[in-house]
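Coordinates as given in model_14.tsv (TSV, N, CA and C atoms):
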chain	number	residue	atom	x	y	z
O	1	MET	N	18.80	2.66	-21.11
O	1	MET	CA	18.82	2.54	-19.66
O	1	MET	C	17.49	1.94	-19.19
O	2	ILE	N	17.56	0.90	-18.38
O	2	ILE	CA	16.37	0.24	-17.88
O	2	ILE	C	16.27	0.49	-16.38
O	3	ALA	N	15.13	1.02	-15.98
O	3	ALA	CA	14.87	1.22	-14.55
O	3	ALA	C	13.94	0.11	-14.11
O	4	PHE	N	14.39	-0.70	-13.17
O	4	PHE	CA	13.57	-1.82	-12.70
O	4	PHE	C	12.68	-1.35	-11.56
O	5	THR	N	11.41	-1.34	-11.81
O	5	THR	CA	10.44	-0.99	-10.79
O	5	THR	C	9.16	-1.76	-11.07
O	6	ARG	N	8.24	-1.75	-10.15
O	6	ARG	CA	6.97	-2.46	-10.30
O	6	ARG	C	5.86	-1.48	-10.65
O	7	CYS	N	4.95	-1.95	-11.45
O	7	CYS	CA	3.80	-1.15	-11.86
O	7	CYS	C	2.81	-1.05	-10.69
O	8	PRO	N	2.31	0.14	-10.38
O	8	PRO	CA	1.34	0.28	-9.29
O	8	PRO	C	-0.03	-0.29	-9.66
O	9	GLU	N	-0.29	-0.52	-10.93
O	9	GLU	CA	-1.58	-1.05	-11.37
O	9	GLU	C	-1.62	-2.57	-11.38
O	10	CYS	N	-0.57	-3.20	-11.94
O	10	CYS	CA	-0.61	-4.66	-12.12
O	10	CYS	C	0.59	-5.38	-11.50
O	11	ALA	N	1.52	-4.65	-10.94
O	11	ALA	CA	2.75	-5.19	-10.34
O	11	ALA	C	3.69	-5.78	-11.38
O	12	GLY	N	3.48	-5.43	-12.63
O	12	GLY	CA	4.39	-5.88	-13.69
O	12	GLY	C	5.67	-5.07	-13.69
O	13	VAL	N	6.61	-5.50	-14.49
O	13	VAL	CA	7.90	-4.82	-14.59
O	13	VAL	C	7.74	-3.57	-15.46
O	14	MET	N	8.33	-2.48	-14.99
O	14	MET	CA	8.29	-1.23	-15.77
O	14	MET	C	9.69	-0.92	-16.27
O	15	GLU	N	9.76	-0.31	-17.43
O	15	GLU	CA	11.06	0.06	-17.96
O	15	GLU	C	11.01	1.49	-18.50
O	16	TRP	N	12.16	2.14	-18.45
O	16	TRP	CA	12.29	3.52	-18.92
O	16	TRP	C	12.34	3.52	-20.44
O	17	ASN	N	11.49	4.34	-21.06
O	17	ASN	CA	11.50	4.51	-22.50
O	17	ASN	C	12.11	5.87	-22.78
O	18	SER	N	13.33	5.87	-23.31
O	18	SER	CA	14.06	7.12	-23.52
O	18	SER	C	13.45	7.98	-24.62
O	19	LYS	N	12.76	7.36	-25.57
O	19	LYS	CA	12.13	8.15	-26.64
O	19	LYS	C	10.95	8.94	-26.09
O	20	LEU	N	10.15	8.30	-25.25
O	20	LEU	CA	8.99	8.97	-24.65
O	20	LEU	C	9.35	9.77	-23.41
O	21	LYS	N	10.52	9.44	-22.83
O	21	LYS	CA	10.94	10.02	-21.55
O	21	LYS	C	9.90	9.71	-20.47
O	22	MET	N	9.42	8.46	-20.50
O	22	MET	CA	8.43	7.99	-19.55
O	22	MET	C	8.74	6.55	-19.16
O	23	VAL	N	8.13	6.11	-18.07
O	23	VAL	CA	8.26	4.74	-17.60
O	23	VAL	C	7.04	3.98	-18.12
O	24	VAL	N	7.28	2.81	-18.73
O	24	VAL	CA	6.22	2.04	-19.36
O	24	VAL	C	6.16	0.65	-18.74
O	25	CYS	N	4.94	0.21	-18.39
O	25	CYS	CA	4.75	-1.15	-17.86
O	25	CYS	C	4.75	-2.12	-19.04
O	26	LEU	N	5.54	-3.17	-18.90
O	26	LEU	CA	5.62	-4.17	-19.96
O	26	LEU	C	4.41	-5.10	-19.96
O	27	SER	N	3.63	-5.11	-18.87
O	27	SER	CA	2.46	-6.00	-18.78
O	27	SER	C	1.18	-5.31	-19.22
O	28	CYS	N	0.85	-4.18	-18.56
O	28	CYS	CA	-0.44	-3.55	-18.85
O	28	CYS	C	-0.33	-2.31	-19.72
O	29	GLY	N	0.88	-1.82	-19.94
O	29	GLY	CA	1.05	-0.68	-20.83
O	29	GLY	C	0.92	0.68	-20.15
O	30	LEU	N	0.75	0.72	-18.84
O	30	LEU	CA	0.67	1.99	-18.13
O	30	LEU	C	1.91	2.81	-18.45
O	31	THR	N	1.70	4.05	-18.85
O	31	THR	CA	2.80	4.93	-19.22
O	31	THR	C	2.69	6.21	-18.40
O	32	VAL	N	3.70	6.48	-17.58
O	32	VAL	CA	3.69	7.64	-16.70
O	32	VAL	C	5.09	8.23	-16.62
O	33	THR	N	5.15	9.48	-16.19
O	33	THR	CA	6.44	10.09	-15.93
O	33	THR	C	6.96	9.55	-14.60
O	34	ARG	N	8.23	9.76	-14.35
O	34	ARG	CA	8.81	9.28	-13.09
O	34	ARG	C	8.14	9.98	-11.90
O	35	THR	N	7.82	11.25	-12.05
O	35	THR	CA	7.16	12.00	-10.99
O	35	THR	C	5.78	11.43	-10.70
O	36	GLU	N	5.03	11.13	-11.75
O	36	GLU	CA	3.70	10.53	-11.58
O	36	GLU	C	3.80	9.17	-10.90
O	37	LEU	N	4.80	8.38	-11.31
O	37	LEU	CA	4.99	7.06	-10.71
O	37	LEU	C	5.30	7.18	-9.22
O	38	ASP	N	6.17	8.11	-8.87
O	38	ASP	CA	6.49	8.33	-7.45
O	38	ASP	C	5.26	8.75	-6.67
O	39	ARG	N	4.42	9.62	-7.26
O	39	ARG	CA	3.20	10.07	-6.59
O	39	ARG	C	2.23	8.92	-6.39
O	40	MET	N	2.10	8.06	-7.40
O	40	MET	CA	1.19	6.91	-7.30
O	40	MET	C	1.64	5.98	-6.17
O	41	TRP	N	2.94	5.68	-6.11
O	41	TRP	CA	3.44	4.80	-5.06
O	41	TRP	C	3.30	5.43	-3.69
O	42	LYS	N	3.47	6.74	-3.61
O	42	LYS	CA	3.31	7.44	-2.33
O	42	LYS	C	1.87	7.30	-1.83
O	43	GLU	N	0.89	7.46	-2.71
O	43	GLU	CA	-0.52	7.31	-2.35
O	43	GLU	C	-0.82	5.88	-1.90
O	44	ILE	N	-0.23	4.91	-2.58
O	44	ILE	CA	-0.45	3.51	-2.21
O	44	ILE	C	0.13	3.24	-0.82
O	45	ARG	N	1.34	3.74	-0.56
O	45	ARG	CA	1.95	3.53	0.76
O	45	ARG	C	1.13	4.18	1.85
O	46	GLU	N	0.65	5.41	1.62
O	46	GLU	CA	-0.16	6.10	2.62
O	46	GLU	C	-1.45	5.34	2.91
O	47	THR	N	-2.09	4.83	1.87
O	47	THR	CA	-3.31	4.04	2.05
O	47	THR	C	-3.04	2.78	2.85
O	48	ASN	N	-1.93	2.11	2.53
O	48	ASN	CA	-1.59	0.88	3.26
O	48	ASN	C	-1.31	1.16	4.73
O	49	PHE	N	-0.63	2.27	5.03
O	49	PHE	CA	-0.35	2.60	6.42
O	49	PHE	C	-1.63	2.91	7.17
O	50	GLU	N	-2.58	3.59	6.51
O	50	GLU	CA	-3.86	3.88	7.15
O	50	GLU	C	-4.61	2.58	7.45
O	51	GLU	N	-4.59	1.63	6.52
O	51	GLU	CA	-5.26	0.35	6.72
O	51	GLU	C	-4.62	-0.42	7.87
O	52	ILE	N	-3.30	-0.38	7.96
O	52	ILE	CA	-2.60	-1.05	9.05
O	52	ILE	C	-2.97	-0.42	10.38
O	53	ASP	N	-3.03	0.93	10.41
O	53	ASP	CA	-3.42	1.63	11.64
O	53	ASP	C	-4.83	1.25	12.05
O	54	ASP	N	-5.76	1.22	11.10
O	54	ASP	CA	-7.14	0.83	11.40
O	54	ASP	C	-7.20	-0.60	11.93
O	55	TYR	N	-6.46	-1.49	11.33
O	55	TYR	CA	-6.43	-2.89	11.76
O	55	TYR	C	-5.92	-2.98	13.20
O	56	ASP	N	-4.83	-2.26	13.48
O	56	ASP	CA	-4.26	-2.28	14.83
O	56	ASP	C	-5.24	-1.71	15.86
O	57	LYS	N	-5.95	-0.65	15.49
O	57	LYS	CA	-6.92	-0.05	16.41
O	57	LYS	C	-8.05	-1.03	16.71
O	58	LYS	N	-8.56	-1.69	15.68
O	58	LYS	CA	-9.63	-2.68	15.88
O	58	LYS	C	-9.14	-3.83	16.74
O	59	LYS	N	-7.92	-4.27	16.48
O	59	LYS	CA	-7.36	-5.37	17.25
O	59	LYS	C	-7.22	-4.97	18.73
O	60	ASP	N	-6.77	-3.74	18.98
O	60	ASP	CA	-6.63	-3.25	20.36
O	60	ASP	C	-7.99	-3.15	21.05
O	61	ARG	N	-9.01	-2.66	20.31
O	61	ARG	CA	-10.35	-2.56	20.89
O	61	ARG	C	-10.90	-3.93	21.26
O	62	LYS	N	-10.69	-4.93	20.40
O	62	LYS	CA	-11.14	-6.28	20.69
O	62	LYS	C	-10.43	-6.84	21.91
O	63	LYS	N	-9.13	-6.59	22.01
O	63	LYS	CA	-8.38	-7.08	23.17
O	63	LYS	C	-8.86	-6.39	24.45
O	64	ASP	N	-9.08	-5.07	24.38
O	64	ASP	CA	-9.58	-4.34	25.55
O	64	ASP	C	-10.95	-4.88	25.98
O	65	TRP	N	-11.83	-5.12	25.01
O	65	TRP	CA	-13.16	-5.64	25.33
O	65	TRP	C	-13.05	-7.02	25.96
O	66	LEU	N	-12.19	-7.88	25.39
O	66	LEU	CA	-12.03	-9.22	25.92
O	66	LEU	C	-11.48	-9.18	27.35
O	67	ASP	N	-10.50	-8.31	27.58
O	67	ASP	CA	-9.96	-8.15	28.94
O	67	ASP	C	-11.05	-7.70	29.90
O	68	TRP	N	-11.86	-6.73	29.47
O	68	TRP	CA	-12.95	-6.24	30.30
O	68	TRP	C	-13.97	-7.35	30.57
O	69	TYR	N	-14.32	-8.09	29.53
O	69	TYR	CA	-15.32	-9.15	29.65
O	69	TYR	C	-14.84	-10.24	30.61
O	70	GLN	N	-13.59	-10.62	30.46
O	70	GLN	CA	-13.06	-11.67	31.33
O	70	GLN	C	-12.94	-11.21	32.78
O	71	SER	N	-12.60	-9.95	32.97
O	71	SER	CA	-12.47	-9.44	34.34
O	71	SER	C	-13.83	-9.21	34.98
O	72	SER	N	-14.86	-8.92	34.19
O	72	SER	CA	-16.19	-8.66	34.76
O	72	SER	C	-16.78	-9.94	35.34
O	73	GLY	N	-16.44	-11.09	34.80
O	73	GLY	CA	-16.93	-12.35	35.31
O	73	GLY	C	-16.35	-12.67	36.67
O	74	LYS	N	-15.14	-12.21	36.92
O	74	LYS	CA	-14.49	-12.46	38.22
O	74	LYS	C	-15.12	-11.64	39.33
O	75	ASN	N	-15.64	-10.49	38.97
O	75	ASN	CA	-16.23	-9.59	39.96
O	75	ASN	C	-17.62	-10.02	40.38
O	76	LYS	N	-18.25	-10.93	39.67
O	76	LYS	CA	-19.63	-11.34	39.96
O	76	LYS	C	-19.71	-12.33	41.08

When written as structure tokens, how does the structure in this file appear?
Amino acid sequence: MIAFTRCPECAGVMEWNSKLKMVVCLSCGLTVTRTELDRMWKEIRETNFEEIDDYDKKKDRKKDWLDWYQSSGKNK
């Protein structure tokens, strides 16, 4: 049985090894249980969402500052 998934380390293809009862990356050799693989991907997703939130907050602050700056010139 082959489980098609991507390696969290190198994005290579991973396959289920029934003898080891683990998922093995065909590119870098990372060998983990399915539970460990799920945990690794969960951490990656959480990190990515935090980075997106930070990016959106910075973008909003820049827009707010620009709006304030442009409006302050009109008041002078």

Going by DSSP on the backbone, which residues of stretch 20-67 of chain O come out as strand (DSSP E)? List them as a count of residues only.
6

Next on the checklist: Could you tell me how far atom N of O:Glu36 sits from atom N of O:Pro8, in Å to one decimal place?
Outcome noted: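 For atom N of O:Pro8 relative to atom N of O:Glu36, the distance reads 11.4 Å.
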
Taken to one decimal, the atom C of O:Asp53-atom CA of O:Leu37 distance is 25.5 Å

Computed gap from atom N of O:Leu26 to atom CA of O:Met14 is 4.6 Å

All file atoms of stretch 54-65 of chain O boxed axis-aligned, 6 Å per side, centre plus edges, as lines of an AutoDock Vina configuration file:
center_x = -8.7
center_y = -2.9
center_z = 18.5
size_x = 20.9
size_y = 20.3
size_z = 26.9

query: Which is closer to O:Cys28 than all the others in O:Leu66, O:Ile52, O:Ile44, O:Val13, using only N, CA and C atoms?
result: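 Looking only at the distances to O:Cys28, the closest residue turns out to be O:Val13.
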
Which one of O:Arg39, O:Leu30, O:Leu20, O:Asp64 sits closest to O:Cys7 if you count all atoms listed in the file?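 Distance minimum relative to O:Cys7 lands on O:Leu30.
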